[in-house]
>>> print(open('coords-v4.txt').read())   # compact mmCIF, C-alpha atoms
# COMPACT_ATOMS: atom_id res chain seq x y z
CA VAL X 1 18.14 -30.91 8.18
CA GLN X 2 19.61 -31.30 4.73
CA TYR X 3 21.11 -27.86 4.07
CA VAL X 4 22.12 -24.90 6.25
CA VAL X 5 22.48 -21.23 5.39
CA ALA X 6 24.23 -19.56 8.31
CA LEU X 7 25.08 -16.02 9.31
CA SER X 8 28.80 -16.34 9.91
CA GLY X 9 31.93 -14.51 8.93
CA VAL X 10 35.54 -14.08 9.88
CA GLY X 11 37.13 -12.63 13.01
CA PHE X 12 34.62 -12.71 15.87
CA TRP X 13 32.46 -15.18 13.94
CA GLN X 14 35.26 -17.58 12.92
CA THR X 15 34.51 -20.20 15.59
CA HIS X 16 30.88 -20.28 14.47
CA ALA X 17 31.89 -20.51 10.80
CA ASP X 18 34.28 -23.38 11.57
CA ALA X 19 31.58 -25.28 13.50
CA ILE X 20 29.14 -24.95 10.60
CA SER X 21 31.80 -26.17 8.16
CA ALA X 22 32.69 -29.12 10.43
CA SER X 23 29.04 -30.16 10.85
CA GLY X 24 29.13 -32.33 7.76
CA LEU X 25 25.93 -30.71 6.48
CA PRO X 26 25.88 -29.02 3.09
CA ASN X 27 26.03 -25.34 3.93
CA THR X 28 26.44 -21.84 2.63
CA GLN X 29 27.60 -19.09 4.95
CA LEU X 30 26.83 -15.39 4.75
CA GLY X 31 29.42 -13.00 6.16
CA PRO X 32 27.91 -9.52 6.11
CA GLY X 33 29.67 -6.42 7.29
CA GLU X 34 28.03 -3.84 9.49
CA PHE X 35 24.24 -3.65 9.44
CA LEU X 36 22.46 -0.51 8.26
CA GLU X 37 20.28 -0.91 11.34
CA ASN X 38 23.31 0.00 13.49
CA LEU X 39 22.85 3.56 12.23
CA ALA X 40 20.00 3.77 14.72
CA LEU X 41 22.80 4.33 17.24
CA TRP X 42 23.20 7.79 15.69
CA ALA X 43 19.49 8.64 15.70
CA ASP X 44 19.38 10.54 18.99
CA GLN X 45 22.48 12.57 18.10
CA ILE X 46 21.08 13.50 14.71
CA ARG X 47 17.63 14.31 16.10
CA THR X 48 18.94 16.52 18.93
CA THR X 49 22.16 18.07 17.58
CA ALA X 50 22.34 17.32 13.81
CA THR X 51 25.85 16.06 14.57
CA VAL X 52 27.28 12.56 14.59
CA ARG X 53 30.14 12.08 17.06
CA ASP X 54 32.24 9.06 16.16
CA PRO X 55 35.96 8.23 16.33
CA TYR X 56 36.30 6.88 12.77
CA PRO X 57 35.12 9.34 10.09
CA ASP X 58 37.39 7.71 7.49
CA ALA X 59 36.33 4.09 8.11
CA VAL X 60 34.97 2.80 4.79
CA GLU X 61 32.07 0.36 4.98
CA ALA X 62 29.46 -1.08 2.64
CA LEU X 63 26.61 -1.36 5.13
CA ILE X 64 23.91 -3.96 4.48
CA SER X 65 20.37 -4.19 5.78
CA MET X 66 19.18 -7.13 7.82
CA ASP X 67 16.33 -7.46 5.32
CA ASP X 68 18.88 -7.99 2.53
CA ILE X 69 20.70 -10.60 4.61
CA ALA X 70 17.42 -12.43 5.30
CA ARG X 71 16.36 -12.17 1.65
CA THR X 72 19.69 -13.63 0.54
CA ALA X 73 19.43 -16.51 3.03
CA ALA X 74 15.86 -17.21 1.90
CA ALA X 75 16.86 -17.24 -1.77
CA LEU X 76 19.64 -19.73 -1.05
CA LEU X 77 17.32 -21.94 1.01
CA MET X 78 14.65 -21.92 -1.70
CA LYS X 79 17.14 -23.02 -4.36
CA PRO X 80 19.79 -25.09 -2.58
CA GLU X 81 22.15 -25.40 -5.53
CA VAL X 82 25.25 -27.52 -5.01
CA ALA X 83 27.34 -24.69 -6.51
CA HIS X 84 26.70 -22.68 -3.31
CA HIS X 85 27.62 -25.48 -0.90
CA GLY X 86 30.75 -24.83 1.13
CA ARG X 87 30.87 -21.18 0.08
CA MET X 88 31.26 -18.12 2.28
CA TYR X 89 29.64 -15.10 0.68
CA GLU X 90 30.79 -11.79 2.10
CA ILE X 91 27.65 -9.89 1.21
CA THR X 92 27.58 -6.10 1.35
CA GLY X 93 25.44 -3.14 0.56
CA PRO X 94 25.78 -1.64 -2.93
CA GLU X 95 28.24 1.16 -2.10
CA SER X 96 31.34 1.77 0.01
CA LEU X 97 31.20 5.00 2.00
CA THR X 98 33.12 6.60 4.82
CA ARG X 99 31.21 7.02 8.06
CA ALA X 100 31.29 10.78 7.48
CA GLN X 101 29.67 10.24 4.05
CA ILE X 102 27.05 7.98 5.62
CA ALA X 103 26.11 10.72 8.12
CA GLU X 104 25.96 13.23 5.27
CA GLN X 105 23.65 10.97 3.23
CA ILE X 106 21.28 10.58 6.17
CA GLY X 107 21.20 14.37 6.43
CA VAL X 108 20.39 14.79 2.74
CA VAL X 109 17.54 12.30 3.01
CA ILE X 110 15.99 13.94 6.09
CA GLY X 111 16.66 17.50 4.90
CA VAL X 112 19.06 18.43 7.70
CA ASP X 113 22.70 19.47 7.40
CA VAL X 114 24.21 16.65 9.48
CA THR X 115 27.82 17.29 10.47
CA PHE X 116 30.39 14.75 11.58
CA GLU X 117 32.57 15.45 14.59
CA LYS X 118 35.45 13.15 15.41
CA CYS X 119 35.61 12.14 19.06
CA SER X 120 37.90 9.81 20.99
CA ARG X 121 37.27 6.08 21.19
CA ASP X 122 36.67 6.39 24.95
CA GLU X 123 34.06 9.12 24.43
CA ALA X 124 32.32 6.95 21.84
CA ILE X 125 32.32 3.94 24.16
CA GLU X 126 30.67 6.01 26.89
CA ALA X 127 28.06 7.30 24.45
CA LEU X 128 27.30 3.78 23.16
CA ARG X 129 27.35 2.00 26.51
CA PRO X 130 23.66 2.67 27.37
CA ALA X 131 22.56 0.98 24.13
CA MET X 132 25.29 -1.65 23.79
CA GLY X 133 26.66 -2.34 27.25
CA ALA X 134 29.97 -4.18 27.29
CA GLU X 135 29.79 -4.71 23.50
CA ALA X 136 30.42 -1.00 22.79
CA ALA X 137 34.20 -1.44 22.74
CA TRP X 138 33.97 -4.54 20.56
CA TYR X 139 31.67 -2.72 18.13
CA LEU X 140 34.06 0.23 17.81
CA ASP X 141 37.00 -2.13 17.33
CA THR X 142 35.20 -3.75 14.38
CA VAL X 143 34.51 -0.33 12.86
CA ALA X 144 38.17 0.68 13.35
CA ILE X 145 39.28 -2.17 11.08
CA ALA X 146 37.63 -0.36 8.16
CA VAL X 147 40.02 2.59 8.55
CA ASP X 148 43.04 0.63 7.30
CA LYS X 149 41.10 -2.11 5.52
CA PRO X 150 38.23 -0.43 3.63
CA GLN X 151 35.30 -2.72 2.89
CA ARG X 152 34.66 -2.97 -0.82
CA ALA X 153 31.06 -3.14 -1.93
CA ASN X 154 29.95 -6.03 -4.07
CA GLN X 155 26.79 -7.01 -5.89
CA LEU X 156 26.37 -10.49 -4.41
CA VAL X 157 22.93 -9.72 -2.98
CA ALA X 158 21.67 -8.83 -6.47
CA GLU X 159 23.41 -11.85 -8.00
CA LEU X 160 21.97 -14.27 -5.44
CA THR X 161 18.46 -12.79 -5.16
CA GLY X 162 17.84 -10.91 -8.40
CA VAL X 163 17.22 -7.66 -6.47
CA PRO X 164 19.95 -5.15 -5.51
CA ALA X 165 20.80 -4.53 -1.88
CA GLN X 166 19.37 -1.42 -0.26
CA SER X 167 21.56 1.70 -0.25
CA VAL X 168 22.22 3.90 2.76
CA ALA X 169 19.96 6.59 1.26
CA GLU X 170 17.12 4.13 0.63
CA TRP X 171 17.36 2.74 4.15
CA ALA X 172 17.51 6.25 5.66
CA ARG X 173 14.41 7.24 3.64
CA GLN X 174 12.50 4.24 5.04
CA ASN X 175 13.63 5.12 8.56
CA ALA X 176 13.55 8.93 8.37
CA ALA X 177 11.21 9.26 11.35
CA MET X 178 13.88 7.71 13.55
CA PHE X 179 16.17 10.63 12.73
CA GLY X 180 13.53 13.27 13.34
CA ALA X 181 12.23 13.81 9.81
>>> encode(input="coords-v4.txt", output="structure tokens")
Amino acid sequence: VQYVVALSGVGFWQTHADAISASGLPNTQLGPGEFLENLALWADQIRTTATVRDPYPDAVEALISMDDIARTAAALLMKPEVAHHGRMYEITGPESLTRAQIAEQIGVVIGVDVTFEKCSRDEAIEALRPAMGAEAAWYLDTVAIAVDKPQRANQLVAELTGVPAQSVAEWARQNAAMFGA
């Protein structure tokens, strides 16, 4: 192994990021925010009630697809430029939106008036537990950070790959069947 591109980040991922940095190998780390694919957690609610119940309507995130993360890692691996070594790229989707705006965009794409209903953290944990188990609380805690510390979108995916990151609307269009469209 001569060069590593690792999915890392800060917070929960810091120990992993530190281990990669300490490995002595030339490396570039990618620290994405929340994945667009996590919106699948809302699919059943949208399909059955056209309502998203979530405790953080005002959390601002720039969701990124796993495909964009993989594409960025592949681009870095294919051209292992020294300028990228030792860097942590906090890659994002192309736009920052509140969770309420994200639900609204999914609705527009699938042709359904999706509403957003704020619920308590405990209610959300119970709703997420079947899909996430013990990680439901951790997941909601990471989302809660974006209430007071909004995630700003950047264009690093486009800069590193030559192709812009997928938007919420584009991802929802590709996955419309999941939401009942």
>>> atom_distance(input="coords-v4.txt", atom1="atom CA of X:Asp122", atom2="atom CA of X:Leu39")
19.0 Å
>>> residues_around(input="coords-v4.txt", residues="X:Thr115", least_positions_apart="3", cutoff="9 Å", atoms="all atoms listed in the file", output="list in words")
Ile46, Ala50, Thr51, Val52, Arg53, Ala100, Ala103, Glu104 and Gly107 of chain X
>>> closest_atom_pairs(input="coords-v4.txt", of="stretch 9-61 of chain X", to="stretch 68-72 of chain X", cutoff="10 Å", atoms="only C-alpha atoms", output="CSV")
residue,atom,partner,partner_atom,distance
X:Leu30,CA,X:Ile69,CA,7.8
X:Gly31,CA,X:Ile69,CA,9.2
X:Pro32,CA,X:Ile69,CA,7.4
X:Phe35,CA,X:Ile69,CA,9.2
>>> closest_atom_pairs(input="coords-v4.txt", of="stretch 2-106 of chain X", to="stretch 133-150 of chain X", cutoff="6 Å", atoms="all atoms listed in the file", output="tab-separated table")
residue	atom	partner	partner_atom	distance
X:Asp58	CA	X:Val147	CA	5.9
X:Ala59	CA	X:Val147	CA	4.0
X:Val60	CA	X:Pro150	CA	4.7
>>> residues_around(input="coords-v4.txt", residues="X:Ser65", least_positions_apart="5", cutoff="9 Å", atoms="only C-alpha atoms", output="PyMOL selection string")
chain X and resi 34-37+70+92-93+165-168+171
>>> write_last_selection(input="coords-v4.txt", atoms="C-alpha atoms", output="PDB file, in the frame of the given file")
ATOM      1  CA  GLU X  34      28.030  -3.840   9.490  1.00  0.00           C
ATOM      2  CA  PHE X  35      24.240  -3.650   9.440  1.00  0.00           C
ATOM      3  CA  LEU X  36      22.460  -0.510   8.260  1.00  0.00           C
ATOM      4  CA  GLU X  37      20.280  -0.910  11.340  1.00  0.00           C
ATOM      5  CA  ALA X  70      17.420 -12.430   5.300  1.00  0.00           C
ATOM      6  CA  THR X  92      27.580  -6.100   1.350  1.00  0.00           C
ATOM      7  CA  GLY X  93      25.440  -3.140   0.560  1.00  0.00           C
ATOM      8  CA  ALA X 165      20.800  -4.530  -1.880  1.00  0.00           C
ATOM      9  CA  GLN X 166      19.370  -1.420  -0.260  1.00  0.00           C
ATOM     10  CA  SER X 167      21.560   1.700  -0.250  1.00  0.00           C
ATOM     11  CA  VAL X 168      22.220   3.900   2.760  1.00  0.00           C
ATOM     12  CA  TRP X 171      17.360   2.740   4.150  1.00  0.00           C
TER      13      TRP X 171
END
>>> closest_residue(input="coords-v4.txt", among="X:Gly180, X:Asn38, X:Leu76, X:Tyr89", to="X:Val114", atoms="all atoms listed in the file")
X:Gly180
>>> residues_near_point(input="coords-v4.txt", point="(28.0, -29.7, 10.1)", cutoff="12 Å", atoms="all atoms listed in the file", output="PyMOL selection string")
chain X and resi 1-6+16-29+85-86
>>> closest_residue(input="coords-v4.txt", among="X:Ala43, X:Ala74, X:Leu97, X:Ala172", to="X:Pro57", atoms="all atoms listed in the file")
X:Leu97
>>> atom_distance(input="coords-v4.txt", atom1="atom CA of X:Met132", atom2="atom CA of X:Gln45")
15.6 Å
>>> closest_residue(input="coords-v4.txt", among="X:Ser8, X:Arg47, X:Leu128, X:Ala40", to="X:Gly111", atoms="only C-alpha atoms")
X:Arg47
>>> atom_distance(input="coords-v4.txt", atom1="atom CA of X:Asp54", atom2="atom CA of X:Gln101")
12.4 Å
>>> residues_near_point(input="coords-v4.txt", point="(34.7, 1.5, -0.2)", cutoff="7 Å", atoms="all atoms listed in the file", output="number ranges by chain")
X: 60-62, 95-97, 150-153
>>> closest_residue(input="coords-v4.txt", among="X:Ala131, X:Val163, X:Ile102, X:Val109", to="X:Ala176", atoms="only C-alpha atoms")
X:Val109
>>> axis_aligned_box(input="coords-v4.txt", around="stretch 74-85 of chain X", padding_each_side="4 Å", output="JSON")
{"center_x": 21.1, "center_y": -22.4, "center_z": -2.3, "size_x": 21.0, "size_y": 18.3, "size_z": 16.4}
